[in-house]
Amino acid sequence: MASLNPGLKIEAANADFFRHVALPSTEVCGRSIYDILHPSARNVLSKHFSQLSNGHGTRFVERVVAMRGHDRVFSAEFTGIAVKGEGDDLSGVVVLMSPDDEPAEAAERPAKPTPMLTALDARILEGVATGASTVQLASRLYLSRQGVEYHVGLMLRRFKAPNRAALVSRAYSMGVLTVGSWPPRAVPDFVK
């Protein structure tokens with residue numbers, strides 16, 4: 001649990017919060033909540049925080065990817081609760097972060113994204129995430145069907161995924177695809 005001021009800077013947090021983000025209070029307090037979250041979380045959370053500050057609702061719950069230390073990530077359920085001051089003005093936000101149980105391999109992912117996709121791979125992954133077929137992708141990207149299947153096969157091996165659904169799921173869990181937007185877009189940090 002952490003307490004944020006109306007500007008979304010962390011004012012205080014409990015021991016569990018510091019343990020989850022694997023940083024001492026001196027590195028967390030005074031920083032924006034977005035500094036401890038993966039960049040993909042900003043799109044979704046900014047809308048929720050804006051609604052809280054405008055008085056449209058008193059709480060929200062969202063799935064996010066957060067940072068653990070400087071070099072790892074984890075997924076969590078993120079709850080924001082508005083704290084009202086005098087005259088129903090927003091005086092702060094209390095956030096609760098409940099990390100998912102994760103396998104050891106997920107905890108070892110680097111926080112600084114390493115480019116793992118070419119621009120073409122990114123377009124194909126985005127298409128697969130929207131449910132486009134091989135023929136549709138081939139037509140859209142001016143490739144042969146075999147060319148699309150070749151790139152999909154490379155990504156399946158790179159992401160260690162057995163099929164297209166698992167590929168998209170792994171891409172989302174690693175933060176390669178943006179969260180909270182449609183159609184899905186590859187995060188530029190992962191594109192060479």
# chains A, B, ... in the order shown; residues from 1 in each chain; ligands from 1
$ residues_around --residues "Glu62 of chain A" --least-positions-apart "6" --cutoff "9 Å" --atoms "only C-alpha atoms" --output "list in words"
Val44, Leu45, His48, Ala76, Glu77, Phe78, Thr79 and Gly80 of chain A
$ residues_around --residues "segment 93-98 of chain A" --least-positions-apart "3" --cutoff "10 Å" --atoms "only C-alpha atoms" --output "PyMOL selection string"
chain A and resi 1-10+12-13+16-17+20-21+33+49+52-53+58-64+66+75-84+90+101
$ residues_around --residues "Val135 of chain A" --least-positions-apart "2" --cutoff "10 Å" --atoms "only C-alpha atoms" --output "list in words"
Ala132, Ser133, Leu137, Ala138, Ser139, Arg140, Leu141, Leu143, Ser144, Arg145, Gln146, Val148 and Glu149 of chain A
$ select_by_dssp --residues "segment 67-171 of chain A" --states "strand (DSSP E or B)" --output "list in words"
Met67, Arg68, Arg72, Val73, Phe74, Ser75, Ala76, Glu77, Phe78, Thr79, Gly80, Ile81, Ala82, Val83, Lys84, Leu90, Ser91, Gly92, Val93, Val94, Val95, Leu96, Met97, Ser98, Pro99 and Leu117 of chain A
$ write_last_selection --atoms "N, CA, C and O atoms" --output "compact mmCIF listing (two decimals), in the first residue's frame"
# COMPACT_ATOMS: atom_id res chain seq x y z
N MET A 67 7.74 -2.47 -11.87
CA MET A 67 9.18 -2.72 -11.81
C MET A 67 9.55 -3.28 -10.44
O MET A 67 9.03 -2.83 -9.42
N ARG A 68 10.44 -4.24 -10.43
CA ARG A 68 10.99 -4.78 -9.19
C ARG A 68 12.48 -4.46 -9.22
O ARG A 68 13.22 -5.04 -10.01
N ARG A 72 14.05 -5.86 -13.07
CA ARG A 72 13.06 -6.92 -13.19
C ARG A 72 11.65 -6.33 -13.25
O ARG A 72 11.45 -5.19 -12.85
N VAL A 73 10.70 -7.14 -13.70
CA VAL A 73 9.31 -6.71 -13.76
C VAL A 73 8.43 -7.78 -13.11
O VAL A 73 8.83 -8.93 -12.97
N PHE A 74 7.21 -7.37 -12.72
CA PHE A 74 6.22 -8.31 -12.22
C PHE A 74 4.85 -7.79 -12.55
O PHE A 74 4.65 -6.59 -12.74
N SER A 75 3.87 -8.69 -12.65
CA SER A 75 2.50 -8.26 -12.91
C SER A 75 1.74 -8.23 -11.58
O SER A 75 2.05 -8.99 -10.66
N ALA A 76 0.77 -7.33 -11.52
CA ALA A 76 0.05 -7.15 -10.26
C ALA A 76 -1.34 -6.58 -10.51
O ALA A 76 -1.59 -5.97 -11.54
N GLU A 77 -2.20 -6.78 -9.53
CA GLU A 77 -3.50 -6.10 -9.53
C GLU A 77 -3.27 -4.78 -8.79
O GLU A 77 -2.73 -4.75 -7.70
N PHE A 78 -3.68 -3.70 -9.41
CA PHE A 78 -3.42 -2.35 -8.91
C PHE A 78 -4.76 -1.69 -8.61
O PHE A 78 -5.61 -1.57 -9.49
N THR A 79 -4.98 -1.30 -7.36
CA THR A 79 -6.23 -0.64 -6.96
C THR A 79 -5.91 0.79 -6.54
O THR A 79 -4.99 1.01 -5.75
N GLY A 80 -6.65 1.73 -7.08
CA GLY A 80 -6.51 3.13 -6.69
C GLY A 80 -7.78 3.59 -5.99
O GLY A 80 -8.88 3.36 -6.50
N ILE A 81 -7.64 4.24 -4.84
CA ILE A 81 -8.79 4.71 -4.07
C ILE A 81 -8.62 6.20 -3.80
O ILE A 81 -7.59 6.62 -3.25
N ALA A 82 -9.61 6.99 -4.20
CA ALA A 82 -9.55 8.44 -4.01
C ALA A 82 -9.72 8.79 -2.54
O ALA A 82 -10.54 8.20 -1.84
N VAL A 83 -8.93 9.74 -2.08
CA VAL A 83 -9.06 10.27 -0.73
C VAL A 83 -9.53 11.71 -0.88
O VAL A 83 -8.84 12.53 -1.48
N LYS A 84 -10.72 11.99 -0.36
CA LYS A 84 -11.31 13.32 -0.51
C LYS A 84 -10.95 14.20 0.68
O LYS A 84 -10.91 13.76 1.81
N LEU A 90 -9.99 16.21 -4.37
CA LEU A 90 -9.07 15.09 -4.22
C LEU A 90 -7.87 15.54 -3.42
O LEU A 90 -7.16 16.46 -3.81
N SER A 91 -7.63 14.91 -2.27
CA SER A 91 -6.47 15.28 -1.47
C SER A 91 -5.35 14.25 -1.60
O SER A 91 -4.24 14.48 -1.14
N GLY A 92 -5.64 13.13 -2.23
CA GLY A 92 -4.63 12.11 -2.45
C GLY A 92 -5.25 10.83 -2.96
O GLY A 92 -6.46 10.74 -3.17
N VAL A 93 -4.40 9.84 -3.18
CA VAL A 93 -4.85 8.53 -3.66
C VAL A 93 -4.09 7.47 -2.87
O VAL A 93 -2.88 7.59 -2.67
N VAL A 94 -4.81 6.47 -2.42
CA VAL A 94 -4.18 5.31 -1.80
C VAL A 94 -4.15 4.22 -2.86
O VAL A 94 -5.17 3.96 -3.52
N VAL A 95 -2.98 3.61 -3.06
CA VAL A 95 -2.87 2.53 -4.03
C VAL A 95 -2.50 1.24 -3.32
O VAL A 95 -1.70 1.23 -2.39
N LEU A 96 -3.12 0.16 -3.75
CA LEU A 96 -2.83 -1.18 -3.26
C LEU A 96 -2.30 -1.98 -4.44
O LEU A 96 -2.90 -1.96 -5.52
N MET A 97 -1.19 -2.65 -4.24
CA MET A 97 -0.61 -3.44 -5.31
C MET A 97 -0.47 -4.88 -4.83
O MET A 97 0.21 -5.13 -3.83
N SER A 98 -1.15 -5.80 -5.51
CA SER A 98 -1.12 -7.21 -5.15
C SER A 98 -0.44 -8.00 -6.26
O SER A 98 -1.07 -8.32 -7.27
N PRO A 99 0.86 -8.31 -6.10
CA PRO A 99 1.59 -9.04 -7.15
C PRO A 99 1.04 -10.45 -7.35
O PRO A 99 0.56 -11.08 -6.42
N LEU A 117 12.47 -7.31 -31.75
CA LEU A 117 11.66 -7.41 -32.95
C LEU A 117 12.17 -6.45 -34.02
O LEU A 117 12.59 -5.34 -33.70
$ atom_distance --atom1 "atom CA of Val179 of chain A" --atom2 "atom CA of Ala41 of chain A"
6.7 Å
$ residues_around --residues "Pro183 of chain A" --least-positions-apart "3" --cutoff "12 Å" --atoms "only C-alpha atoms" --output "list in words"
Arg123, Leu125, Glu126, Gly127, Val128, Ala129, Thr130, Gly131, Ala132, Leu177, Thr178, Val179, Gly180 and Ala186 of chain A
$ atom_distance --atom1 "atom CA of Gly85 of chain A" --atom2 "atom CA of Ser50 of chain A"
16.7 Å
$ select_by_dssp --residues "segment 132-165 of chain A" --states "helix (DSSP H, G or I)" --output "list in words"
Thr134, Val135, Gln136, Leu137, Ala138, Ser139, Arg140, Leu141, Arg145, Gln146, Gly147, Val148, Glu149, Tyr150, His151, Val152, Gly153, Leu154, Met155, Leu156, Arg157, Arg158, Arg164 and Ala165 of chain A
$ closest_residue --among "A:Thr26, A:Asp121, A:Glu86, A:Pro188" --to "Leu156 of chain A" --atoms "only C-alpha atoms"
A:Asp121
$ atom_distance --atom1 "atom CA of Val65 of chain A" --atom2 "atom CA of Tyr34 of chain A"
10.8 Å
$ closest_residue --among "A:Arg170, A:Val187, A:Gly30, A:Lys192" --to "Thr118 of chain A" --atoms "only C-alpha atoms"
A:Lys192
$ decode --residues "segment 51-93 of chain A" --atoms "N, CA and C atoms" --output "PDB file, in the first residue's frame"
ATOM      1  N   GLN A  51      -9.952  10.297 -13.965  1.00  0.00           N
ATOM      2  CA  GLN A  51     -11.343  10.167 -13.526  1.00  0.00           C
ATOM      3  C   GLN A  51     -11.468  10.387 -12.020  1.00  0.00           C
ATOM      4  N   LEU A  52     -10.506   9.871 -11.247  1.00  0.00           N
ATOM      5  CA  LEU A  52     -10.545  10.091  -9.803  1.00  0.00           C
ATOM      6  C   LEU A  52     -10.415  11.578  -9.481  1.00  0.00           C
ATOM      7  N   SER A  53      -9.496  12.265 -10.152  1.00  0.00           N
ATOM      8  CA  SER A  53      -9.279  13.685  -9.847  1.00  0.00           C
ATOM      9  C   SER A  53     -10.452  14.542 -10.301  1.00  0.00           C
ATOM     10  N   ASN A  54     -11.206  14.087 -11.297  1.00  0.00           N
ATOM     11  CA  ASN A  54     -12.380  14.832 -11.764  1.00  0.00           C
ATOM     12  C   ASN A  54     -13.639  14.476 -10.983  1.00  0.00           C
ATOM     13  N   GLY A  55     -13.509  13.589  -9.999  1.00  0.00           N
ATOM     14  CA  GLY A  55     -14.662  13.222  -9.180  1.00  0.00           C
ATOM     15  C   GLY A  55     -15.554  12.173  -9.806  1.00  0.00           C
ATOM     16  N   HIS A  56     -15.103  11.534 -10.901  1.00  0.00           N
ATOM     17  CA  HIS A  56     -15.894  10.492 -11.560  1.00  0.00           C
ATOM     18  C   HIS A  56     -15.468   9.139 -11.012  1.00  0.00           C
ATOM     19  N   GLY A  57     -16.026   8.760  -9.889  1.00  0.00           N
ATOM     20  CA  GLY A  57     -15.701   7.488  -9.257  1.00  0.00           C
ATOM     21  C   GLY A  57     -14.785   7.698  -8.062  1.00  0.00           C
ATOM     22  N   THR A  58     -14.738   6.676  -7.232  1.00  0.00           N
ATOM     23  CA  THR A  58     -13.923   6.763  -6.026  1.00  0.00           C
ATOM     24  C   THR A  58     -12.810   5.725  -6.001  1.00  0.00           C
ATOM     25  N   ARG A  59     -12.864   4.749  -6.921  1.00  0.00           N
ATOM     26  CA  ARG A  59     -11.817   3.724  -6.948  1.00  0.00           C
ATOM     27  C   ARG A  59     -11.777   3.055  -8.308  1.00  0.00           C
ATOM     28  N   PHE A  60     -10.663   2.368  -8.575  1.00  0.00           N
ATOM     29  CA  PHE A  60     -10.536   1.558  -9.781  1.00  0.00           C
ATOM     30  C   PHE A  60      -9.617   0.375  -9.480  1.00  0.00           C
ATOM     31  N   VAL A  61      -9.748  -0.661 -10.275  1.00  0.00           N
ATOM     32  CA  VAL A  61      -8.880  -1.832 -10.187  1.00  0.00           C
ATOM     33  C   VAL A  61      -8.403  -2.131 -11.597  1.00  0.00           C
ATOM     34  N   GLU A  62      -7.099  -2.340 -11.758  1.00  0.00           N
ATOM     35  CA  GLU A  62      -6.521  -2.563 -13.078  1.00  0.00           C
ATOM     36  C   GLU A  62      -5.354  -3.536 -12.958  1.00  0.00           C
ATOM     37  N   ARG A  63      -5.085  -4.294 -13.998  1.00  0.00           N
ATOM     38  CA  ARG A  63      -3.906  -5.157 -14.072  1.00  0.00           C
ATOM     39  C   ARG A  63      -2.759  -4.322 -14.639  1.00  0.00           C
ATOM     40  N   VAL A  64      -1.583  -4.386 -14.005  1.00  0.00           N
ATOM     41  CA  VAL A  64      -0.428  -3.623 -14.472  1.00  0.00           C
ATOM     42  C   VAL A  64       0.836  -4.479 -14.417  1.00  0.00           C
ATOM     43  N   VAL A  65       1.853  -3.989 -15.105  1.00  0.00           N
ATOM     44  CA  VAL A  65       3.195  -4.541 -15.003  1.00  0.00           C
ATOM     45  C   VAL A  65       4.011  -3.488 -14.265  1.00  0.00           C
ATOM     46  N   ALA A  66       4.672  -3.902 -13.182  1.00  0.00           N
ATOM     47  CA  ALA A  66       5.448  -2.967 -12.360  1.00  0.00           C
ATOM     48  C   ALA A  66       6.913  -3.387 -12.346  1.00  0.00           C
ATOM     49  N   MET A  67       7.737  -2.471 -11.865  1.00  0.00           N
ATOM     50  CA  MET A  67       9.175  -2.715 -11.811  1.00  0.00           C
ATOM     51  C   MET A  67       9.547  -3.282 -10.441  1.00  0.00           C
ATOM     52  N   ARG A  68      10.437  -4.245 -10.431  1.00  0.00           N
ATOM     53  CA  ARG A  68      10.991  -4.778  -9.186  1.00  0.00           C
ATOM     54  C   ARG A  68      12.479  -4.463  -9.221  1.00  0.00           C
ATOM     55  N   GLY A  69      12.883  -3.484  -8.429  1.00  0.00           N
ATOM     56  CA  GLY A  69      14.262  -3.020  -8.478  1.00  0.00           C
ATOM     57  C   GLY A  69      14.488  -2.262  -9.774  1.00  0.00           C
ATOM     58  N   HIS A  70      15.698  -2.337 -10.278  1.00  0.00           N
ATOM     59  CA  HIS A  70      16.025  -1.622 -11.515  1.00  0.00           C
ATOM     60  C   HIS A  70      16.078  -2.544 -12.723  1.00  0.00           C
ATOM     61  N   ASP A  71      15.953  -3.873 -12.501  1.00  0.00           N
ATOM     62  CA  ASP A  71      16.191  -4.767 -13.621  1.00  0.00           C
ATOM     63  C   ASP A  71      15.194  -5.908 -13.783  1.00  0.00           C
ATOM     64  N   ARG A  72      14.050  -5.858 -13.067  1.00  0.00           N
ATOM     65  CA  ARG A  72      13.057  -6.923 -13.188  1.00  0.00           C
ATOM     66  C   ARG A  72      11.653  -6.332 -13.246  1.00  0.00           C
ATOM     67  N   VAL A  73      10.701  -7.136 -13.702  1.00  0.00           N
ATOM     68  CA  VAL A  73       9.305  -6.710 -13.756  1.00  0.00           C
ATOM     69  C   VAL A  73       8.426  -7.779 -13.115  1.00  0.00           C
ATOM     70  N   PHE A  74       7.212  -7.374 -12.719  1.00  0.00           N
ATOM     71  CA  PHE A  74       6.223  -8.314 -12.224  1.00  0.00           C
ATOM     72  C   PHE A  74       4.845  -7.786 -12.548  1.00  0.00           C
ATOM     73  N   SER A  75       3.868  -8.690 -12.652  1.00  0.00           N
ATOM     74  CA  SER A  75       2.497  -8.262 -12.908  1.00  0.00           C
ATOM     75  C   SER A  75       1.745  -8.231 -11.583  1.00  0.00           C
ATOM     76  N   ALA A  76       0.772  -7.326 -11.515  1.00  0.00           N
ATOM     77  CA  ALA A  76       0.050  -7.149 -10.255  1.00  0.00           C
ATOM     78  C   ALA A  76      -1.337  -6.580 -10.512  1.00  0.00           C
ATOM     79  N   GLU A  77      -2.204  -6.783  -9.529  1.00  0.00           N
ATOM     80  CA  GLU A  77      -3.497  -6.103  -9.526  1.00  0.00           C
ATOM     81  C   GLU A  77      -3.274  -4.783  -8.790  1.00  0.00           C
ATOM     82  N   PHE A  78      -3.683  -3.696  -9.410  1.00  0.00           N
ATOM     83  CA  PHE A  78      -3.422  -2.348  -8.913  1.00  0.00           C
ATOM     84  C   PHE A  78      -4.761  -1.693  -8.612  1.00  0.00           C
ATOM     85  N   THR A  79      -4.983  -1.298  -7.360  1.00  0.00           N
ATOM     86  CA  THR A  79      -6.228  -0.641  -6.963  1.00  0.00           C
ATOM     87  C   THR A  79      -5.908   0.787  -6.539  1.00  0.00           C
ATOM     88  N   GLY A  80      -6.647   1.733  -7.080  1.00  0.00           N
ATOM     89  CA  GLY A  80      -6.509   3.133  -6.690  1.00  0.00           C
ATOM     90  C   GLY A  80      -7.779   3.592  -5.992  1.00  0.00           C
ATOM     91  N   ILE A  81      -7.637   4.244  -4.839  1.00  0.00           N
ATOM     92  CA  ILE A  81      -8.792   4.709  -4.070  1.00  0.00           C
ATOM     93  C   ILE A  81      -8.622   6.200  -3.800  1.00  0.00           C
ATOM     94  N   ALA A  82      -9.613   6.990  -4.203  1.00  0.00           N
ATOM     95  CA  ALA A  82      -9.554   8.441  -4.013  1.00  0.00           C
ATOM     96  C   ALA A  82      -9.721   8.785  -2.540  1.00  0.00           C
ATOM     97  N   VAL A  83      -8.929   9.738  -2.080  1.00  0.00           N
ATOM     98  CA  VAL A  83      -9.058  10.269  -0.728  1.00  0.00           C
ATOM     99  C   VAL A  83      -9.526  11.713  -0.879  1.00  0.00           C
ATOM    100  N   LYS A  84     -10.716  11.995  -0.357  1.00  0.00           N
ATOM    101  CA  LYS A  84     -11.309  13.322  -0.507  1.00  0.00           C
ATOM    102  C   LYS A  84     -10.953  14.204   0.676  1.00  0.00           C
ATOM    103  N   GLY A  85     -10.727  15.463   0.379  1.00  0.00           N
ATOM    104  CA  GLY A  85     -10.460  16.449   1.419  1.00  0.00           C
ATOM    105  C   GLY A  85     -11.683  17.317   1.621  1.00  0.00           C
ATOM    106  N   GLU A  86     -11.464  18.531   2.069  1.00  0.00           N
ATOM    107  CA  GLU A  86     -12.572  19.459   2.269  1.00  0.00           C
ATOM    108  C   GLU A  86     -13.176  19.826   0.926  1.00  0.00           C
ATOM    109  N   GLY A  87     -14.484  19.939   0.886  1.00  0.00           N
ATOM    110  CA  GLY A  87     -15.187  20.322  -0.336  1.00  0.00           C
ATOM    111  C   GLY A  87     -15.132  19.273  -1.422  1.00  0.00           C
ATOM    112  N   ASP A  88     -14.947  18.026  -1.059  1.00  0.00           N
ATOM    113  CA  ASP A  88     -14.887  16.917  -2.019  1.00  0.00           C
ATOM    114  C   ASP A  88     -13.761  17.028  -3.035  1.00  0.00           C
ATOM    115  N   ASP A  89     -12.733  17.826  -2.755  1.00  0.00           N
ATOM    116  CA  ASP A  89     -11.564  17.891  -3.630  1.00  0.00           C
ATOM    117  C   ASP A  89     -10.670  16.684  -3.353  1.00  0.00           C
ATOM    118  N   LEU A  90      -9.985  16.215  -4.373  1.00  0.00           N
ATOM    119  CA  LEU A  90      -9.075  15.092  -4.219  1.00  0.00           C
ATOM    120  C   LEU A  90      -7.867  15.543  -3.418  1.00  0.00           C
ATOM    121  N   SER A  91      -7.631  14.910  -2.274  1.00  0.00           N
ATOM    122  CA  SER A  91      -6.470  15.279  -1.472  1.00  0.00           C
ATOM    123  C   SER A  91      -5.350  14.253  -1.600  1.00  0.00           C
ATOM    124  N   GLY A  92      -5.640  13.131  -2.235  1.00  0.00           N
ATOM    125  CA  GLY A  92      -4.632  12.110  -2.448  1.00  0.00           C
ATOM    126  C   GLY A  92      -5.248  10.830  -2.963  1.00  0.00           C
ATOM    127  N   VAL A  93      -4.400   9.838  -3.184  1.00  0.00           N
ATOM    128  CA  VAL A  93      -4.849   8.534  -3.664  1.00  0.00           C
ATOM    129  C   VAL A  93      -4.088   7.472  -2.874  1.00  0.00           C
TER     130      VAL A  93
END
